[in-house]
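Asker: model_8.txt is the file, holding compact mmCIF, C-alpha atoms:
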```
# COMPACT_ATOMS: atom_id res chain seq x y z
CA MET A 1 170.57 142.14 54.90
CA SER A 2 168.05 144.79 55.83
CA LEU A 3 168.81 148.43 56.58
CA ALA A 4 167.88 147.99 60.24
CA THR A 5 170.33 145.13 60.73
CA ASP A 6 173.18 146.87 58.92
CA LYS A 7 175.55 148.80 61.17
CA ILE A 8 174.22 152.23 60.24
CA LYS A 9 174.16 155.20 62.58
CA ALA A 10 170.63 156.27 63.32
CA ILE A 11 168.76 158.84 65.39
CA THR A 12 165.38 157.96 66.82
CA VAL A 13 162.82 160.76 66.86
CA TYR A 14 159.72 160.76 69.05
CA ALA A 15 156.96 162.98 67.70
CA ALA A 16 153.24 163.70 67.67
CA SER A 17 151.15 162.13 64.95
CA HIS A 18 148.22 164.54 65.36
CA PRO A 19 147.63 166.29 62.00
CA ASP A 20 146.21 169.66 63.12
CA LEU A 21 149.21 171.48 64.60
CA ASP A 22 150.80 174.91 64.37
CA PRO A 23 152.70 174.99 61.03
CA ARG A 24 155.87 176.06 62.88
CA TYR A 25 155.97 172.65 64.57
CA ILE A 26 155.55 170.94 61.20
CA GLU A 27 158.36 173.04 59.72
CA ALA A 28 160.70 172.21 62.62
CA ALA A 29 159.94 168.50 62.18
CA ARG A 30 160.70 168.62 58.44
CA ASP A 31 163.89 170.56 59.18
CA LEU A 32 164.92 167.96 61.75
CA GLY A 33 164.46 165.13 59.26
CA ALA A 34 166.58 167.01 56.73
CA ALA A 35 169.26 167.78 59.36
CA ILE A 36 169.44 164.11 60.30
CA ALA A 37 169.89 163.14 56.65
CA ARG A 38 172.53 165.85 56.03
CA ALA A 39 174.50 164.64 59.05
CA GLY A 40 174.63 161.13 57.57
CA TYR A 41 172.29 159.45 60.05
CA ALA A 42 169.28 157.31 59.27
CA LEU A 43 166.03 158.44 60.86
CA VAL A 44 164.15 155.95 63.04
CA ASN A 45 160.67 156.79 64.30
CA GLY A 46 157.20 155.41 64.84
CA GLY A 47 156.57 155.18 61.11
CA GLY A 48 153.48 157.37 61.01
CA ALA A 49 152.28 159.35 58.02
CA SER A 50 150.67 162.32 59.76
CA GLY A 51 151.58 165.16 62.09
CA LEU A 52 155.17 165.74 63.13
CA MET A 53 155.96 162.08 62.58
CA GLY A 54 155.00 162.31 58.93
CA ALA A 55 156.83 165.63 58.56
CA VAL A 56 160.11 164.35 60.00
CA ASN A 57 159.90 161.34 57.66
CA ASP A 58 159.22 163.60 54.67
CA GLY A 59 162.10 165.90 55.64
CA ALA A 60 164.59 163.04 55.81
CA LEU A 61 163.40 161.42 52.59
CA ASP A 62 163.27 164.72 50.66
CA ALA A 63 166.89 165.35 51.71
CA GLY A 64 167.94 161.97 50.31
CA GLY A 65 168.12 160.26 53.68
CA ILE A 66 166.95 156.94 55.06
CA ALA A 67 163.72 156.81 57.09
CA ILE A 68 162.96 153.64 59.05
CA GLY A 69 159.53 153.31 60.63
CA VAL A 70 158.92 151.02 63.58
CA ILE A 71 155.19 150.51 63.90
CA PRO A 72 153.17 148.10 66.02
CA ASP A 73 151.07 145.56 64.18
CA PHE A 74 147.71 147.06 65.22
CA MET A 75 148.70 150.49 63.84
CA HIS A 76 150.08 148.93 60.68
CA ASP A 77 146.86 146.99 60.18
CA ARG A 78 144.87 150.25 60.46
CA GLY A 79 146.94 151.80 57.67
CA TRP A 80 148.57 154.49 59.81
CA GLY A 81 152.05 153.91 58.39
CA HIS A 82 153.93 156.22 56.05
CA LYS A 83 153.93 154.64 52.57
CA GLY A 84 157.25 156.07 51.34
CA LEU A 85 159.66 154.88 54.05
CA SER A 86 162.99 153.27 53.26
CA GLN A 87 162.04 150.42 55.59
CA THR A 88 159.10 149.53 57.82
CA ILE A 89 159.53 147.24 60.80
CA VAL A 90 156.26 145.86 62.18
CA THR A 91 156.45 144.91 65.85
CA ASN A 92 154.29 142.91 68.19
CA GLY A 93 152.95 145.77 70.31
CA MET A 94 154.15 149.03 71.77
CA HIS A 95 156.78 147.70 74.18
CA HIS A 96 158.59 145.87 71.40
CA ARG A 97 158.32 148.98 69.23
CA LYS A 98 160.01 151.18 71.84
CA GLN A 99 162.78 148.67 72.49
CA THR A 100 163.45 148.26 68.77
CA MET A 101 163.62 152.03 68.25
CA ALA A 102 166.09 152.38 71.14
CA ASP A 103 168.19 149.45 69.94
CA LEU A 104 168.57 150.96 66.47
CA SER A 105 169.60 154.42 67.65
CA SER A 106 172.76 156.35 68.45
CA GLY A 107 170.63 158.92 70.26
CA VAL A 108 167.06 160.14 70.56
CA ILE A 109 165.39 163.48 69.92
CA ALA A 110 161.91 164.33 71.18
CA LEU A 111 159.93 166.76 69.09
CA PRO A 112 156.85 168.26 70.75
CA GLY A 113 154.17 165.69 71.34
CA GLY A 114 151.46 164.36 73.60
CA VAL A 115 151.32 161.56 76.15
CA GLY A 116 152.92 159.03 73.80
CA THR A 117 155.92 161.28 73.19
CA PHE A 118 156.15 162.11 76.90
CA GLU A 119 156.08 158.42 77.79
CA GLU A 120 158.79 157.57 75.27
CA ILE A 121 161.25 160.32 76.22
CA LEU A 122 160.66 159.87 79.96
CA GLU A 123 161.33 156.16 79.60
CA ILE A 124 164.61 156.92 77.81
CA MET A 125 165.53 159.35 80.60
CA THR A 126 164.82 156.58 83.12
CA TRP A 127 166.91 154.12 81.11
CA ARG A 128 169.74 156.69 81.00
CA LYS A 129 169.53 157.12 84.78
CA LEU A 130 169.75 153.34 85.21
CA GLY A 131 172.55 152.95 82.65
CA ILE A 132 170.36 150.89 80.30
CA TYR A 133 170.51 153.44 77.48
CA THR A 134 173.87 155.16 77.12
CA HIS A 135 173.26 157.37 74.10
CA PRO A 136 172.25 161.04 74.23
CA ALA A 137 168.67 162.23 74.62
CA VAL A 138 167.62 165.66 73.36
CA LEU A 139 164.43 167.68 73.75
CA LEU A 140 163.88 169.89 70.70
CA ASN A 141 162.31 172.87 72.44
CA THR A 142 160.42 174.33 69.47
CA LEU A 143 158.40 177.38 70.55
CA HIS A 144 159.52 176.67 74.16
CA TYR A 145 157.30 173.59 74.19
CA TYR A 146 159.38 171.73 76.77
CA ASP A 147 159.81 174.66 79.20
CA PRO A 148 157.08 173.26 81.52
CA LEU A 149 158.82 169.86 81.64
CA VAL A 150 162.10 171.53 82.57
CA SER A 151 160.22 173.46 85.28
CA MET A 152 158.74 170.18 86.55
CA MET A 153 162.23 168.65 86.69
CA ASN A 154 163.43 171.67 88.68
CA HIS A 155 160.47 171.29 91.05
CA ALA A 156 161.19 167.56 91.52
CA ARG A 157 164.83 168.38 92.28
CA GLU A 158 163.85 171.11 94.76
CA GLN A 159 161.50 168.70 96.52
CA GLY A 160 164.18 165.99 96.75
CA PHE A 161 162.68 163.51 94.30
CA ILE A 162 165.66 163.71 91.94
CA TYR A 163 169.17 164.91 92.62
CA ALA A 164 170.03 166.13 89.16
CA TYR A 165 168.58 165.76 85.73
CA ASN A 166 171.11 167.53 83.52
CA SER A 167 172.74 164.19 82.66
CA LEU A 168 169.42 162.73 81.54
CA PHE A 169 168.79 165.00 78.54
CA SER A 170 169.97 168.06 76.65
CA LEU A 171 167.79 170.91 75.49
CA ALA A 172 168.10 172.20 71.90
CA SER A 173 166.51 175.26 70.31
CA THR A 174 166.91 174.25 66.65
CA PRO A 175 166.90 171.03 64.65
CA ASP A 176 170.57 171.48 63.69
CA GLU A 177 171.55 172.00 67.33
CA ALA A 178 169.71 168.80 68.33
CA VAL A 179 171.57 166.75 65.71
CA ASP A 180 174.88 168.41 66.64
CA ILE A 181 174.43 167.37 70.28
CA ILE A 182 174.05 163.75 69.24
CA SER A 183 176.91 163.96 66.72
CA LEU A 184 179.29 165.39 69.31
CA GLN A 185 178.56 162.48 71.65
CA ASN A 186 178.82 159.87 68.86
CA PRO A 187 182.00 160.43 66.86
CA LYS A 188 181.83 158.75 63.44
```
If you took the structure in this file and wrote it as structure tokens, what would it be?
Answerer:
Amino acid sequence: MSLATDKIKAITVYAASHPDLDPRYIEAARDLGAAIARAGYALVNGGGASGLMGAVNDGALDAGGIAIGVIPDFMHDRGWGHKGLSQTIVTNGMHHRKQTMADLSSGVIALPGGVGTFEEILEIMTWRKLGIYTHPAVLLNTLHYYDPLVSMMNHAREQGFIYAYNSLFSLASTPDEAVDIISLQNPK
């Protein structure tokens, strides 16, 4: 039986893979991986070796945790995967990757990221709104990165496009707070 098919509790993390980022983002990602491991969760993410994705993997592994990478075949074939993961799941494309990551998780945390991270966390918010995904979603607001998204949500609410968004995600200031939010909503 593989790790991913065992009944383990896991947190999925969405994160940037770009390597040239402010070191404070890298540190927060490593701290998040370690916090996930300390809390007894496995880490699930896109399986990348660089940027925040690589740092969150390294943080979990260095803390003695489990890191499961879910990577699409074309990225795997290009050698973009982290070589030290506990398990790598290769999927047939991006849609299957996202579904697999959601299926494995007891909650998701979005670190700062670009359009890929935005797409992933906004899809989870949509799934939460529709009742498809019932686990918590957290934005780790390192260096106030997600303040503009929260402002956009407020604007959409003011203009009548959404009624409320506070049930779609929580905002956390620190890695430990992000993990605590998920732990409180997922008693062991």
Asker: Quick one, how far is atom CA of Val138 of chain A from atom CA of Asn166 of chain A?
Answerer: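 Computing it gives 10.9 Å between the two atoms.
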Asker: Counting all atoms listed in the file, which of A:Tyr165, A:Tyr41, A:Phe74, A:Tyr14 gets nearest to Leu139 of chain A?
Answerer: A:Tyr14
Asker: I'd like a table as a Markdown table: residues in segment 75-153 of chain A with an atom no more than 9 Å from segment 46-51 of chain A, each row giving the shortest atom pair and its distance in Å to one decimal, all atoms listed in the file counted, sorted by chain and rising residue number.
Answerer:
```
| residue | atom | partner | partner_atom | distance |
| --- | --- | --- | --- | --- |
| A:Met75 | CA | A:Gly48 | CA | 8.8 |
| A:Trp80 | CA | A:Gly48 | CA | 5.8 |
| A:Gly81 | CA | A:Gly48 | CA | 4.6 |
| A:His82 | CA | A:Ala49 | CA | 4.0 |
| A:Lys83 | CA | A:Ala49 | CA | 7.4 |
| A:Gly84 | CA | A:Ala49 | CA | 8.9 |
| A:Leu85 | CA | A:Gly47 | CA | 7.7 |
| A:Thr88 | CA | A:Gly47 | CA | 7.0 |
| A:Ile89 | CA | A:Gly47 | CA | 8.5 |
| A:Arg97 | CA | A:Gly46 | CA | 7.9 |
| A:Lys98 | CA | A:Gly46 | CA | 8.6 |
| A:Met101 | CA | A:Gly46 | CA | 8.0 |
```
Asker: In Å, how far is it from atom CA of Ile11 of chain A to atom CA of Pro72 of chain A?
Answerer: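 Those two atoms sit 18.9 Å apart.
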Asker: Kindly indicate which residue among A:Arg30, A:His96, A:His76, A:Arg38 lies nearest to Val13 of chain A, using only C-alpha atoms for the distances.
Answerer: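 Under the stated criterion, the closest residue is A:Arg30.
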Asker: Let me make sure I understand: among A:Val70, A:Ala10, A:Ala37, A:Ala63, which one has the smallest atom-to-atom distance to Leu104 of chain A if we use all atoms listed in the file?
Answerer: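 Smallest separation from Leu104 of chain A among the options: A:Ala10.
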Asker: Would you please work out which residue, of A:Gly93, A:Gly114, A:Gly54, A:Pro136, is nearest to Val179 of chain A when using all atoms listed in the file?
Answerer: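 Ranked by minimum distance to Val179 of chain A, first place goes to A:Pro136.
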Asker: So, counting only C-alpha atoms, which residue among A:His155, A:His135, A:His144, A:Arg24 is closest to Ser105 of chain A?
Answerer: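 Of the candidates, the smallest distance to Ser105 of chain A is held by A:His135.
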Asker: Which of these residues is nearest to Glu27 of chain A, using all atoms listed in the file: A:Ile71, A:Val56, A:Val115, A:Ile8?
Answerer: A:Val56
Asker: Counting only C-alpha atoms, which residues have an atom no more than 6 Å from (165.5, 163.4, 61.2) in the file's coordinates? Please list them as a list in words.
Answerer: Leu32, Gly33, Ala34, Ile36, Leu43, Val56 and Ala60 of chain A
Asker: Between atom CA of Ala29 of chain A and atom CA of Ile132 of chain A, what is the distance in Å, rounded to a tenth?
Answerer: 27.3 Å
